[in-house]
>>> print(open('target_38.txt').read())   # compact mmCIF, C-alpha atoms and all ligand atoms
# COMPACT_ATOMS: atom_id res chain seq x y z
CA MET J 1 -3.03 -24.47 18.54
CA ILE J 2 -4.36 -25.44 15.11
CA ILE J 3 -1.96 -25.01 12.19
CA LYS J 4 -3.10 -25.53 8.60
CA LYS J 5 -2.05 -24.68 5.08
CA TYR J 6 -4.23 -23.17 2.38
CA VAL J 7 -3.47 -22.65 -1.28
CA GLY J 8 -4.93 -19.98 -3.55
CA LYS J 9 -4.17 -17.90 -6.62
CA THR J 10 -3.40 -14.99 -4.30
CA GLU J 11 -2.56 -14.59 -0.63
CA ASN J 12 -6.05 -13.12 -0.08
CA GLU J 13 -7.79 -16.04 -1.73
CA ALA J 14 -5.92 -18.52 0.47
CA THR J 15 -6.53 -16.56 3.70
CA ASP J 16 -10.22 -16.08 2.84
CA GLU J 17 -10.50 -19.85 2.50
CA ALA J 18 -8.78 -20.25 5.89
CA ARG J 19 -11.18 -17.73 7.47
CA LYS J 20 -14.17 -19.60 6.05
CA GLU J 21 -12.98 -22.77 7.69
CA LEU J 22 -11.35 -21.59 10.93
CA GLY J 23 -13.03 -18.22 11.54
CA GLN J 24 -11.82 -14.63 11.78
CA ASN J 25 -9.23 -15.15 14.54
CA ILE J 26 -6.62 -16.89 12.42
CA VAL J 27 -3.11 -15.47 12.29
CA VAL J 28 -0.97 -15.84 9.17
CA MET J 29 2.32 -17.58 9.98
CA ASN J 30 3.95 -17.75 6.60
CA VAL J 31 3.26 -16.92 2.95
CA ARG J 32 5.20 -18.42 0.07
CA PRO J 33 4.79 -18.90 -3.66
CA MET J 34 4.52 -22.62 -4.45
CA LYS J 35 7.04 -24.30 -6.70
CA LYS J 36 5.56 -25.30 -10.04
CA THR J 37 6.11 -29.00 -10.68
CA GLY J 38 5.64 -31.44 -13.54
CA PHE J 39 6.02 -31.34 -17.28
CA PHE J 40 3.19 -28.84 -17.83
CA SER J 41 4.33 -26.58 -15.02
CA PHE J 42 5.13 -23.80 -17.49
CA PHE J 43 1.41 -23.44 -18.21
CA GLN J 44 0.35 -23.53 -14.57
CA SER J 45 -0.50 -20.22 -12.94
CA GLN J 46 1.43 -19.26 -9.82
CA LYS J 47 -0.14 -20.50 -6.58
CA ILE J 48 0.39 -19.06 -3.13
CA GLU J 49 0.56 -21.19 -0.03
CA VAL J 50 -0.41 -19.61 3.28
CA THR J 51 0.23 -21.28 6.64
CA VAL J 52 -2.23 -20.08 9.29
CA ALA J 53 -2.64 -20.79 12.98
CA LEU J 54 -5.55 -20.49 15.33
CA GLU J 55 -5.10 -20.11 19.03
CA GLU J 56 -7.51 -22.36 20.86
CA GLU J 57 -9.68 -21.07 23.71
CA SER J 58 -7.55 -22.57 26.47
CA GLU J 59 -4.42 -20.98 25.03
CA ARG J 60 -6.11 -17.61 24.70
CA GLN J 61 -6.73 -17.71 28.42
CA MET J 62 -2.98 -18.09 28.93
CA LYS J 63 -2.58 -14.41 27.99
CA ASN J 64 -2.70 -13.42 31.67
CA TYR J 65 -0.70 -16.37 32.79
CA THR J 66 2.26 -15.80 35.12
CA PRO J 67 4.93 -18.44 35.04
CA ASP J 68 5.74 -20.71 37.93
CA LYS J 69 8.93 -19.16 39.25
CA SER J 70 10.31 -22.40 40.61
CA VAL J 71 10.58 -24.12 37.25
CA VAL J 72 13.76 -22.69 35.71
CA PRO J 73 15.79 -21.32 38.59
CA GLN J 74 19.05 -21.58 36.67
CA LEU J 75 17.76 -19.08 34.10
CA ARG J 76 16.61 -16.40 36.52
CA PRO J 77 18.56 -13.16 36.70
CA LEU J 78 20.46 -12.59 39.93
CA VAL J 79 18.39 -9.51 40.66
CA GLU J 80 14.60 -9.87 40.56
CA GLY J 81 12.51 -7.30 38.74
CA SER J 82 11.86 -6.30 35.16
CA GLN J 83 14.16 -3.31 34.83
CA LYS J 84 16.25 -3.85 31.75
CA ASP J 85 19.49 -2.42 33.11
CA THR J 86 19.51 -4.75 36.10
CA VAL J 87 18.68 -7.90 34.15
CA LYS J 88 21.49 -10.33 33.42
CA PRO J 89 21.00 -13.87 32.19
CA VAL J 90 22.61 -16.15 34.75
CA SER J 91 23.46 -19.15 32.68
CA LYS J 92 25.16 -17.70 29.67
CA PRO J 93 26.83 -20.07 27.27
CA SER J 94 30.44 -20.38 28.30
CA LYS J 95 32.05 -18.89 25.20
CA SER J 96 30.72 -16.04 23.13
CA SER J 97 31.73 -17.88 19.97
CA GLU J 98 29.49 -20.74 21.06
CA LEU J 99 26.53 -18.36 21.24
CA LYS J 100 27.41 -16.93 17.88
CA ASP J 101 27.49 -20.39 16.31
CA GLU J 102 24.18 -21.34 17.85
CA GLY J 103 22.80 -17.92 16.89
CA SER J 104 23.63 -18.44 13.26
CA ALA J 105 21.96 -21.86 13.51
CA ILE J 106 18.73 -20.08 14.44
CA GLU J 107 19.33 -17.59 11.66
CA GLU J 108 19.63 -20.34 9.08
CA LYS J 109 16.58 -22.17 10.35
CA LEU J 110 14.48 -19.01 10.33
CA ASP J 111 15.63 -18.27 6.82
CA ASN J 112 13.91 -21.43 5.78
CA LEU J 113 10.78 -20.90 7.76
CA SER J 114 8.39 -22.78 5.46
CA SER J 115 10.23 -26.05 5.86
CA LEU J 116 10.55 -25.39 9.60
CA LEU J 117 6.77 -25.04 9.89
CA GLU J 118 6.29 -28.07 7.66
CA LYS J 119 8.50 -30.22 9.90
CA ASN J 120 6.60 -28.92 12.90
CA ILE J 121 3.21 -29.91 11.48
CA LYS J 122 4.54 -33.39 10.63
CA TYR J 123 6.20 -33.84 14.05
CA ASN J 124 3.00 -32.71 15.79
CA ALA J 125 0.90 -35.20 13.82
CA LYS J 126 3.36 -38.03 14.57
CA GLU J 127 3.40 -37.22 18.28
CA ASP J 128 -0.42 -37.03 18.40
CA GLU J 129 -0.61 -40.44 16.74
CA LYS J 130 1.90 -41.87 19.23
CA GLU J 131 -0.07 -40.49 22.16
CA GLU J 132 -3.33 -41.88 20.79
CA GLN J 133 -1.77 -45.30 20.42
CA GLN J 134 -0.38 -45.12 23.95
CA ALA J 135 -3.74 -44.03 25.30
CA GLU J 136 -5.44 -46.96 23.60
CA ALA J 137 -2.91 -49.41 24.99
CA GLU J 138 -3.00 -48.07 28.54
CA PRO J 139 -6.27 -46.17 28.85
CA VAL J 140 -6.24 -45.42 32.59
CA LYS J 141 -2.60 -44.68 33.19
CA VAL J 142 -2.07 -41.13 34.50
CA LYS J 143 0.95 -39.37 33.03
CA PRO J 144 3.65 -38.58 35.58
CA PRO J 145 4.48 -34.86 35.87
CA LYS J 146 7.48 -33.79 33.78
CA THR J 147 10.52 -33.29 35.93
CA ASN J 148 13.51 -33.79 33.68
CA ILE J 149 14.21 -31.50 30.79
CA SER J 150 16.42 -32.98 28.15
CA GLU J 151 19.82 -31.48 27.49
CA GLU J 152 18.79 -30.40 23.99
CA THR J 153 15.75 -28.56 25.34
CA MET J 154 17.84 -26.92 28.03
CA SER J 155 20.38 -25.63 25.55
CA PHE J 156 17.59 -24.42 23.27
CA ILE J 157 16.00 -22.57 26.21
CA LYS J 158 19.36 -20.97 27.05
CA LEU J 159 19.84 -19.84 23.49
CA LEU J 160 16.28 -18.53 23.28
CA TYR J 161 16.66 -16.68 26.57
CA ASN J 162 19.89 -14.99 25.53
CA THR J 163 18.63 -14.03 22.08
CA LEU J 164 15.44 -12.48 23.45
CA ILE J 165 17.24 -10.67 26.28
CA GLU J 166 19.64 -9.26 23.69
CA ASN J 167 16.63 -7.91 21.80
CA GLU J 168 15.26 -6.39 25.01
CA VAL J 169 12.22 -8.60 25.46
CA ASP J 170 11.10 -8.40 29.09
CA GLU J 171 12.20 -11.49 31.00
CA ILE J 172 8.64 -11.98 32.33
CA TYR J 173 7.54 -12.68 28.77
CA ILE J 174 10.66 -14.70 27.98
CA ASN J 175 9.90 -16.93 30.95
CA GLN J 176 6.36 -17.46 29.68
CA LEU J 177 7.84 -18.69 26.41
CA THR J 178 10.50 -20.89 27.98
CA ASP J 179 7.89 -22.39 30.32
CA GLU J 180 5.79 -23.28 27.32
CA VAL J 181 8.80 -24.91 25.63
CA GLU J 182 9.30 -26.98 28.77
CA LYS J 183 5.68 -28.07 28.74
CA ILE J 184 5.95 -29.50 25.24
CA SER J 185 9.47 -30.81 25.77
CA LYS J 186 9.99 -34.52 25.05
CA PRO J 187 13.23 -36.49 24.95
CA GLY J 188 14.70 -36.19 21.48
CA MET J 189 12.51 -33.20 20.57
CA PRO J 190 14.13 -31.68 17.48
CA PHE J 191 15.53 -28.14 17.65
CA ASP J 192 13.36 -27.29 14.62
CA PHE J 193 10.22 -28.25 16.45
CA ALA J 194 11.01 -26.13 19.51
CA LEU J 195 11.98 -23.15 17.36
CA ALA J 196 8.90 -23.38 15.14
CA ASN J 197 6.75 -23.65 18.23
CA VAL J 198 8.17 -20.51 19.84
CA TYR J 199 7.87 -18.66 16.52
CA GLN J 200 4.21 -19.64 16.26
CA LYS J 201 3.47 -18.69 19.89
CA MET J 202 5.07 -15.26 19.45
CA VAL J 203 3.29 -14.54 16.15
CA LEU J 204 0.00 -15.56 17.76
CA LYS J 205 0.66 -13.38 20.78
CA PHE J 206 1.34 -10.40 18.53
CA GLY J 207 -2.00 -11.13 16.85
CA LYS J 208 -3.28 -9.68 13.62
CA ALA J 209 -2.13 -6.28 12.46
CA GLU J 210 -5.02 -3.84 12.59
CA PRO J 211 -4.42 -0.96 10.21
CA ILE J 212 -7.04 1.72 9.43
CA GLU J 213 -10.32 0.02 8.65
CA PRO J 214 -12.32 0.97 5.56
CA ASN J 215 -15.09 3.52 6.12
CA GLU J 216 -18.17 1.52 5.35
CA HIS J 217 -20.73 3.74 7.03
CA GLY J 218 -19.85 7.34 6.21
CA PRO J 219 -16.93 9.39 7.49
CA LYS J 220 -14.52 7.99 10.06
CA ALA J 221 -12.23 9.82 12.45
CA GLU J 222 -8.65 8.59 12.79
CA ILE J 223 -7.25 10.18 15.95
CA PHE J 224 -3.52 10.16 16.71
CA ILE J 225 -2.42 10.55 20.30
CA GLY J 226 0.95 10.22 22.02
CA PRO J 227 3.91 12.13 23.42
CA THR J 228 5.49 15.13 21.67
CA GLY J 229 8.11 14.37 19.05
CA VAL J 230 7.29 10.70 18.46
CA GLY J 231 6.15 11.33 14.89
CA LYS J 232 2.37 11.78 15.06
CA THR J 233 2.18 14.55 12.45
CA THR J 234 4.64 12.82 10.10
CA THR J 235 2.70 9.55 10.41
CA ILE J 236 -0.59 11.32 9.66
CA ALA J 237 0.98 12.77 6.49
CA LYS J 238 2.15 9.29 5.40
CA LEU J 239 -1.26 7.71 6.01
CA ALA J 240 -3.19 10.62 4.49
CA SER J 241 -1.12 10.22 1.35
CA GLU J 242 -1.91 6.49 1.19
CA LEU J 243 -5.64 7.12 1.66
CA PHE J 244 -5.90 10.12 -0.65
CA VAL J 245 -3.38 9.38 -3.41
CA THR J 246 -3.44 5.58 -3.54
CA LYS J 247 -6.94 4.73 -2.34
CA LYS J 248 -8.57 7.88 -3.82
CA LYS J 249 -10.44 8.64 -0.59
CA LYS J 250 -11.60 12.10 0.51
CA VAL J 251 -9.38 13.10 3.41
CA VAL J 252 -9.35 16.16 5.67
CA LEU J 253 -6.70 16.94 8.27
CA LEU J 254 -7.69 18.57 11.57
CA THR J 255 -5.35 19.56 14.37
CA ILE J 256 -6.12 20.35 17.96
CA ASP J 257 -2.40 20.91 18.61
CA THR J 258 -2.70 24.64 19.15
CA TYR J 259 0.00 24.82 21.79
CA ARG J 260 2.82 25.27 19.30
CA ILE J 261 2.38 27.42 16.20
CA ALA J 262 4.95 25.31 14.35
CA ALA J 263 2.89 22.17 14.95
CA ALA J 264 -0.17 23.47 13.09
CA GLU J 265 2.07 24.91 10.35
CA GLN J 266 3.72 21.50 9.84
CA LEU J 267 0.33 19.85 9.27
CA ARG J 268 -0.78 22.69 6.96
CA THR J 269 2.37 22.20 4.89
CA TYR J 270 1.68 18.49 4.44
CA ALA J 271 -1.99 19.24 3.62
CA SER J 272 -1.03 21.77 0.95
CA ILE J 273 1.47 19.35 -0.64
CA LEU J 274 -1.22 16.66 -0.76
CA GLU J 275 -3.89 19.23 -1.72
CA VAL J 276 -6.29 18.14 0.99
CA PRO J 277 -8.10 20.57 3.33
CA CYS J 278 -6.68 21.30 6.78
CA ARG J 279 -8.22 23.11 9.71
CA VAL J 280 -6.91 24.17 13.12
CA ILE J 281 -9.51 23.51 15.84
CA TYR J 282 -9.61 25.62 19.02
CA SER J 283 -12.75 24.33 20.76
CA VAL J 284 -15.18 21.42 20.90
CA GLU J 285 -17.77 23.63 19.13
CA GLU J 286 -15.32 24.21 16.28
CA MET J 287 -14.72 20.45 16.13
CA LYS J 288 -18.47 19.82 15.78
CA GLN J 289 -18.66 22.47 13.07
CA ALA J 290 -15.76 20.85 11.19
CA VAL J 291 -17.47 17.44 11.38
CA GLU J 292 -20.59 19.04 9.86
CA ASP J 293 -18.58 20.85 7.15
CA PHE J 294 -16.70 17.70 6.12
CA LYS J 295 -19.55 15.21 6.51
CA ASP J 296 -19.21 13.96 2.94
CA TYR J 297 -15.52 13.09 3.48
CA ASP J 298 -14.26 9.55 4.03
CA TYR J 299 -11.57 10.17 6.63
CA VAL J 300 -11.15 12.94 9.20
CA MET J 301 -7.57 12.62 10.46
CA VAL J 302 -7.01 14.32 13.79
CA ASP J 303 -3.60 15.43 15.08
CA THR J 304 -3.28 16.10 18.81
CA ALA J 305 -0.73 17.70 21.12
CA GLY J 306 1.64 15.54 23.11
CA HIS J 307 1.60 16.32 26.80
CA SER J 308 3.39 15.50 29.97
CA LEU J 309 1.80 12.52 31.68
CA HIS J 310 0.84 14.67 34.62
CA ASN J 311 -0.82 17.50 32.68
CA GLU J 312 -4.40 16.72 33.70
CA GLU J 313 -5.83 19.80 31.98
CA LEU J 314 -4.46 18.86 28.57
CA LYS J 315 -5.46 15.23 29.08
CA SER J 316 -9.10 16.15 29.74
CA ASP J 317 -8.94 18.59 26.81
CA ILE J 318 -8.00 15.75 24.42
CA GLU J 319 -10.59 13.48 26.00
CA GLY J 320 -13.28 16.15 25.43
CA TYR J 321 -12.45 16.35 21.71
CA ILE J 322 -12.44 12.57 21.35
CA ARG J 323 -15.82 12.19 23.08
CA ALA J 324 -17.28 14.93 20.83
CA LEU J 325 -16.02 13.08 17.75
CA GLU J 326 -17.33 9.76 19.04
CA ASP J 327 -20.81 11.33 19.30
CA CYS J 328 -20.74 12.19 15.59
CA MET J 329 -18.94 9.35 13.84
CA GLU J 330 -17.04 6.09 14.06
CA CYS J 331 -13.59 6.70 15.58
CA GLU J 332 -10.30 4.81 15.71
CA ASN J 333 -7.59 5.97 18.10
CA PHE J 334 -3.90 5.34 17.47
CA LEU J 335 -1.35 5.67 20.24
CA VAL J 336 1.89 6.65 18.51
CA LEU J 337 5.02 5.49 20.38
CA SER J 338 8.64 5.73 19.43
CA ALA J 339 10.50 2.41 19.37
CA THR J 340 13.49 4.31 20.79
CA THR J 341 11.73 5.27 24.04
CA LYS J 342 12.86 3.50 27.23
CA TYR J 343 10.72 0.48 28.20
CA ARG J 344 9.80 1.91 31.59
CA ASP J 345 8.58 5.14 29.96
CA LEU J 346 6.61 3.24 27.32
CA ILE J 347 4.77 1.39 30.10
CA GLU J 348 3.96 4.64 31.86
CA ILE J 349 2.80 6.36 28.65
CA SER J 350 0.65 3.46 27.46
CA ASP J 351 -0.94 3.14 30.93
CA ALA J 352 -1.72 6.87 31.03
CA TYR J 353 -3.40 6.82 27.61
CA SER J 354 -5.30 3.61 28.46
CA GLN J 355 -7.16 5.65 31.04
CA LEU J 356 -8.34 8.00 28.31
CA VAL J 357 -9.36 5.74 25.43
CA ALA J 358 -8.96 2.33 23.81
CA TYR J 359 -6.28 2.50 21.12
CA LYS J 360 -4.30 0.66 18.50
CA LEU J 361 -0.51 1.03 18.51
CA ILE J 362 1.86 2.61 16.00
CA PHE J 363 5.61 2.27 16.57
CA THR J 364 7.75 4.94 14.94
CA LYS J 365 11.53 5.35 14.44
CA MET J 366 12.13 1.63 13.95
CA ASP J 367 15.10 2.71 11.84
CA GLU J 368 16.76 4.20 14.91
CA THR J 369 16.91 1.06 17.03
CA GLY J 370 18.20 -2.47 16.56
CA ALA J 371 16.32 -3.99 19.50
CA GLN J 372 12.65 -4.57 18.78
CA GLY J 373 11.69 -6.28 22.03
CA ASN J 374 9.62 -3.32 23.20
CA LEU J 375 7.06 -4.04 20.51
CA TYR J 376 6.46 -7.44 22.08
CA ASN J 377 6.60 -6.05 25.62
CA ILE J 378 4.09 -3.27 24.99
CA LYS J 379 1.81 -5.52 22.95
CA MET J 380 1.75 -7.99 25.86
CA HIS J 381 1.35 -5.21 28.44
CA THR J 382 -1.51 -3.35 26.75
CA GLY J 383 -3.16 -6.13 24.77
CA SER J 384 -3.78 -3.50 22.06
CA PRO J 385 -3.41 -4.45 18.40
CA ILE J 386 -0.45 -3.03 16.48
CA ALA J 387 -1.40 -1.16 13.32
CA TYR J 388 1.76 0.22 11.68
CA ILE J 389 5.47 0.69 12.10
CA THR J 390 7.38 3.61 10.61
CA ASN J 391 11.01 3.43 9.66
CA GLY J 392 12.21 6.82 8.50
CA GLN J 393 11.43 10.46 7.94
CA ASN J 394 10.39 10.18 4.29
CA VAL J 395 6.78 11.02 3.59
CA PRO J 396 4.92 8.98 2.33
CA ASP J 397 7.23 5.97 1.92
CA ASP J 398 8.61 5.16 5.34
CA ILE J 399 5.62 3.33 6.81
CA ALA J 400 4.34 -0.25 6.68
CA VAL J 401 1.49 -2.27 8.10
CA PHE J 402 2.81 -4.15 11.13
CA ASP J 403 4.19 -7.55 10.13
CA ALA J 404 4.35 -9.92 13.12
CA GLN J 405 6.21 -12.62 11.20
CA LYS J 406 9.03 -10.28 10.30
CA ILE J 407 9.40 -8.87 13.81
CA VAL J 408 9.32 -12.31 15.43
CA LYS J 409 12.01 -13.51 13.01
CA ASN J 410 14.15 -10.55 14.04
CA LEU J 411 13.48 -11.13 17.74
CA LEU J 412 14.50 -14.76 17.44
CA GLY J 413 17.77 -13.78 15.83
CA GLY J 414 16.92 -14.10 12.16
CA LYS J 415 18.36 -11.81 9.52
CA SER J 416 16.33 -8.65 8.98
N1 LIG F 501 14.12 8.40 12.09
C1 LIG F 501 12.81 8.60 12.09
N2 LIG F 501 12.34 9.82 12.34
C2 LIG F 501 11.00 10.03 12.34
C3 LIG F 501 10.09 8.97 12.06
N3 LIG F 501 8.83 9.47 12.15
C4 LIG F 501 8.96 10.79 12.45
N4 LIG F 501 10.26 11.13 12.57
C5 LIG F 501 10.86 12.45 12.88
O1 LIG F 501 10.57 12.76 14.23
C6 LIG F 501 10.47 14.17 14.38
C7 LIG F 501 9.16 14.52 15.08
O2 LIG F 501 8.07 14.19 14.23
P1 LIG F 501 6.63 14.85 14.36
O3 LIG F 501 5.76 14.21 13.33
O4 LIG F 501 6.72 16.34 14.33
O5 LIG F 501 6.23 14.37 15.83
P2 LIG F 501 4.95 14.77 16.72
O6 LIG F 501 5.41 15.82 17.67
O7 LIG F 501 4.56 13.52 17.43
O8 LIG F 501 3.89 15.25 15.79
C8 LIG F 501 10.56 14.75 12.98
O9 LIG F 501 11.87 15.20 12.78
C9 LIG F 501 10.24 13.57 12.08
O10 LIG F 501 10.85 13.68 10.80
C10 LIG F 501 10.63 7.66 11.77
O11 LIG F 501 9.93 6.68 11.53
N5 LIG F 501 11.99 7.55 11.80
MG MG F 502 2.92 17.10 15.77
>>> encode(input="target_38.txt", output="structure tokens", more="lines below")
Ligand SMILES: Nc1nc2c(ncn2[C@@H]2O[C@H](COP(=O)(O)OP(=O)(O)O)[C@@H](O)[C@H]2O)c(=O)[nH]1
Ligand SMILES: [Mg+2]
Amino acid sequence: MIIKKYVGKTENEATDEARKELGQNIVVMNVRPMKKTGFFSFFQSQKIEVTVALEEESERQMKNYTPDKSVVPQLRPLVEGSQKDTVKPVSKPSKSSELKDEGSAIEEKLDNLSSLLEKNIKYNAKEDEKEEQQAEAEPVKVKPPKTNISEETMSFIKLLYNTLIENEVDEIYINQLTDEVEKISKPGMPFDFALANVYQKMVLKFGKAEPIEPNEHGPKAEIFIGPTGVGKTTTIAKLASELFVTKKKKVVLLTIDTYRIAAAEQLRTYASILEVPCRVIYSVEEMKQAVEDFKDYDYVMVDTAGHSLHNEELKSDIEGYIRALEDCMECENFLVLSATTKYRDLIEISDAYSQLVAYKLIFTKMDETGAQGNLYNIKMHTGSPIAYITNGQNVPDDIAVFDAQKIVKNLLGGKS
């Protein structure tokens, strides 16, 4: 993993510089305004420092890596399997107050993330230097495999395991993280270093947020799929408002959700408040006609009906509309999932929709759950980018572009 800092007048300027040097795959780890220093600091303009990381090729291949089950037997749950309700961490800290104290230690550290990352970069550089010197002194000596894990590392792993389990991260993914901590573990490794490393790994695994892309080549279709009641229509209204009111784009709302009269009415209501056109579509021919009628628009936002996973007819119906749209214009599909849905169901839903189309993810109802582990679980399971999260019923305010740093801080036990 490469970690570097860039400074610019704005966050964008600093990240553009990083992209020029490290390429498009960088992930932003931290953004902070720099402290002005010196006598003339009053006259200096504010600078922004951005810490970015780049996953190297070998690490990217670790995405499909399954951990070696023999490595941390003392941390395995008594019952094998990934079902949340059967999972119990075996080696819990003895007293709950102990966990609380250690938990608030993480909280404090995460609060001061910039210095945590700074220490990590310095520690990394020092360790690299040490290894180089050792290699020069004893060039042919093969390193013995690591067998002992220091006590500090072990207690960090325990704390990490318990915090992530508490936040409902699947233990398969927790074990991947703890295995990686073990790999880098060295006697005397500071707590800060281990924590910053896990933070970086998790932010990298979440990847870049991928919100709606600008329409550079004519109109684009934004298609929202997902189960009934997750918030598709509400999310469309929020995003349509952002595109139309804030970005001054020409937006039209289409719905193929003709199964419930109320569903089409709900979209019409939002369209009339925003004063954008809205049309209910009953057939693929009507869809093609709408595309023709709105060809000078920027965004065609398409609402769909949720369906039971086993309703093949409705599934192929939606697929037919999507293929017809793909023939006419650039399309982006968004699978809308509620953060309150059970993990097992989320897996089933995301698998079912994967068979239909490639999609980006939107997680709704973040305000209704404290545990955010399913975002990590589903990201890891599907490999799809996350676009937005929504956190309330208010249109248009309760939506935000997905922020991996914030979610990872929460998952690691930081304050939200
Ligand atoms: N608490 C909460 N409720 C939401 C959120 N997004 C949507 N809802 C509510 O969820 C319900 C279903 O939303 P709707 O957009 O009709 O879902 P659809 O069937 O997927 O189109 C409505 O009562 C919405 O107000 C959210 O982020 N948080
Ligand atoms: Mg709806």
>>> residues_near_point(input="target_38.txt", point="(10.1, -10.6, 26.0)", cutoff="12 Å", atoms="all atoms listed in the file", output="VMD selection string")
chain J and resid 82 84 160 to 178 198 202 205 to 206 343 371 to 381 408 411 to 412
>>> residues_near_ligand(input="target_38.txt", ligand="ligand MG 502 (chain F)", cutoff="12 Å", atoms="only C-alpha atoms and all ligand atoms", output="ChimeraX atom specification")
/J:224-237,254-268,270,302-307,336
>>> closest_residue(input="target_38.txt", among="J:Leu239, J:Cys328, J:Val245, J:Ile2", to="ligand LIG 501 (chain F)", atoms="all atoms listed in the file")
J:Leu239
>>> residues_around(input="target_38.txt", residues="Pro385 in chain J", least_positions_apart="3", cutoff="12 Å", atoms="only C-alpha atoms", output="count of residues only")
31
>>> atom_distance(input="target_38.txt", atom1="CA of Ile223 in chain J", atom2="CA of Gly370 in chain J")
28.4 Å
>>> axis_aligned_box(input="target_38.txt", around="range 186-197 of chain J", padding_each_side="4 Å", output="lines of an AutoDock Vina configuration file")
center_x = 11.1
center_y = -29.8
center_z = 19.8
size_x = 16.8
size_y = 21.3
size_z = 18.4
>>> atom_distance(input="target_38.txt", atom1="atom N2 of ligand LIG 501 (chain F)", atom2="CA of Pro396 in chain J")
12.5 Å
>>> residues_near_point(input="target_38.txt", point="(7.8, 5.1, 10.5)", cutoff="7 Å", atoms="all atoms listed in the file", output="number ranges by chain")
J: 235, 364-366, 389-393, 398-399
>>> atom_distance(input="target_38.txt", atom1="CA of Thr153 in chain J", atom2="CA of Val181 in chain J")
7.9 Å
>>> closest_residue(input="target_38.txt", among="J:Lys238, J:Lys315, J:Arg344, J:Lys4", to="ligand LIG 501 (chain F)", atoms="only C-alpha atoms and all ligand atoms")
J:Lys238
>>> closest_residue(input="target_38.txt", among="J:Ile386, J:Val357, J:Val31, J:Ala339", to="ligand LIG 501 (chain F)", atoms="only C-alpha atoms and all ligand atoms")
J:Ala339
>>> closest_residue(input="target_38.txt", among="J:Ala196, J:Cys331, J:Val252, J:Met154", to="Ala290 in chain J", atoms="all atoms listed in the file")
J:Val252
>>> residues_around(input="target_38.txt", residues="Met34 in chain J", least_positions_apart="3", cutoff="9 Å", atoms="only C-alpha atoms", output="ChimeraX atom specification")
/J:7,46-49
>>> closest_residue(input="target_38.txt", among="J:Ile407, J:Leu253, J:Ile26, J:Ile322", to="Val284 in chain J", atoms="only C-alpha atoms")
J:Ile322
>>> closest_residue(input="target_38.txt", among="J:Thr51, J:Pro219, J:Ser115, J:Asp317", to="Asp296 in chain J", atoms="all atoms listed in the file")
J:Pro219
>>> build_atoms(input="target_38.txt", residues="range 16-25 of chain J", atoms="N, CA, C and O atoms", output="mmCIF file, keeping the file's coordinate frame")
data_model
loop_
_atom_site.group_PDB
_atom_site.id
_atom_site.type_symbol
_atom_site.label_atom_id
_atom_site.label_comp_id
_atom_site.auth_asym_id
_atom_site.auth_seq_id
_atom_site.Cartn_x
_atom_site.Cartn_y
_atom_site.Cartn_z
ATOM 1 N N ASP J 16 -8.750 -16.090 2.768
ATOM 2 C CA ASP J 16 -10.220 -16.080 2.840
ATOM 3 C C ASP J 16 -10.737 -17.498 3.067
ATOM 4 O O ASP J 16 -11.644 -17.731 3.862
ATOM 5 N N GLU J 17 -10.124 -18.434 2.359
ATOM 6 C CA GLU J 17 -10.500 -19.850 2.500
ATOM 7 C C GLU J 17 -10.267 -20.300 3.951
ATOM 8 O O GLU J 17 -11.110 -20.966 4.559
ATOM 9 N N ALA J 18 -9.116 -19.891 4.507
ATOM 10 C CA ALA J 18 -8.780 -20.250 5.890
ATOM 11 C C ALA J 18 -9.813 -19.657 6.853
ATOM 12 O O ALA J 18 -10.252 -20.313 7.797
ATOM 13 N N ARG J 19 -10.192 -18.384 6.591
ATOM 14 C CA ARG J 19 -11.180 -17.730 7.470
ATOM 15 C C ARG J 19 -12.522 -18.442 7.420
ATOM 16 O O ARG J 19 -13.199 -18.580 8.427
ATOM 17 N N LYS J 20 -12.888 -18.897 6.199
ATOM 18 C CA LYS J 20 -14.170 -19.600 6.050
ATOM 19 C C LYS J 20 -14.172 -20.842 6.934
ATOM 20 O O LYS J 20 -15.159 -21.170 7.556
ATOM 21 N N GLU J 21 -13.022 -21.498 6.970
ATOM 22 C CA GLU J 21 -12.980 -22.770 7.690
ATOM 23 C C GLU J 21 -12.710 -22.587 9.190
ATOM 24 O O GLU J 21 -13.326 -23.242 10.012
ATOM 25 N N LEU J 22 -11.781 -21.679 9.522
ATOM 26 C CA LEU J 22 -11.350 -21.590 10.930
ATOM 27 C C LEU J 22 -11.867 -20.337 11.647
ATOM 28 O O LEU J 22 -11.665 -20.182 12.838
ATOM 29 N N GLY J 23 -12.499 -19.432 10.907
ATOM 30 C CA GLY J 23 -13.030 -18.220 11.540
ATOM 31 C C GLY J 23 -12.093 -17.031 11.388
ATOM 32 O O GLY J 23 -11.018 -17.133 10.790
ATOM 33 N N GLN J 24 -12.517 -15.907 11.984
ATOM 34 C CA GLN J 24 -11.820 -14.630 11.780
ATOM 35 C C GLN J 24 -10.532 -14.503 12.598
ATOM 36 O O GLN J 24 -9.718 -13.642 12.324
ATOM 37 N N ASN J 25 -10.362 -15.360 13.615
ATOM 38 C CA ASN J 25 -9.230 -15.150 14.540
ATOM 39 C C ASN J 25 -7.911 -15.755 14.096
ATOM 40 O O ASN J 25 -6.944 -15.753 14.842
#
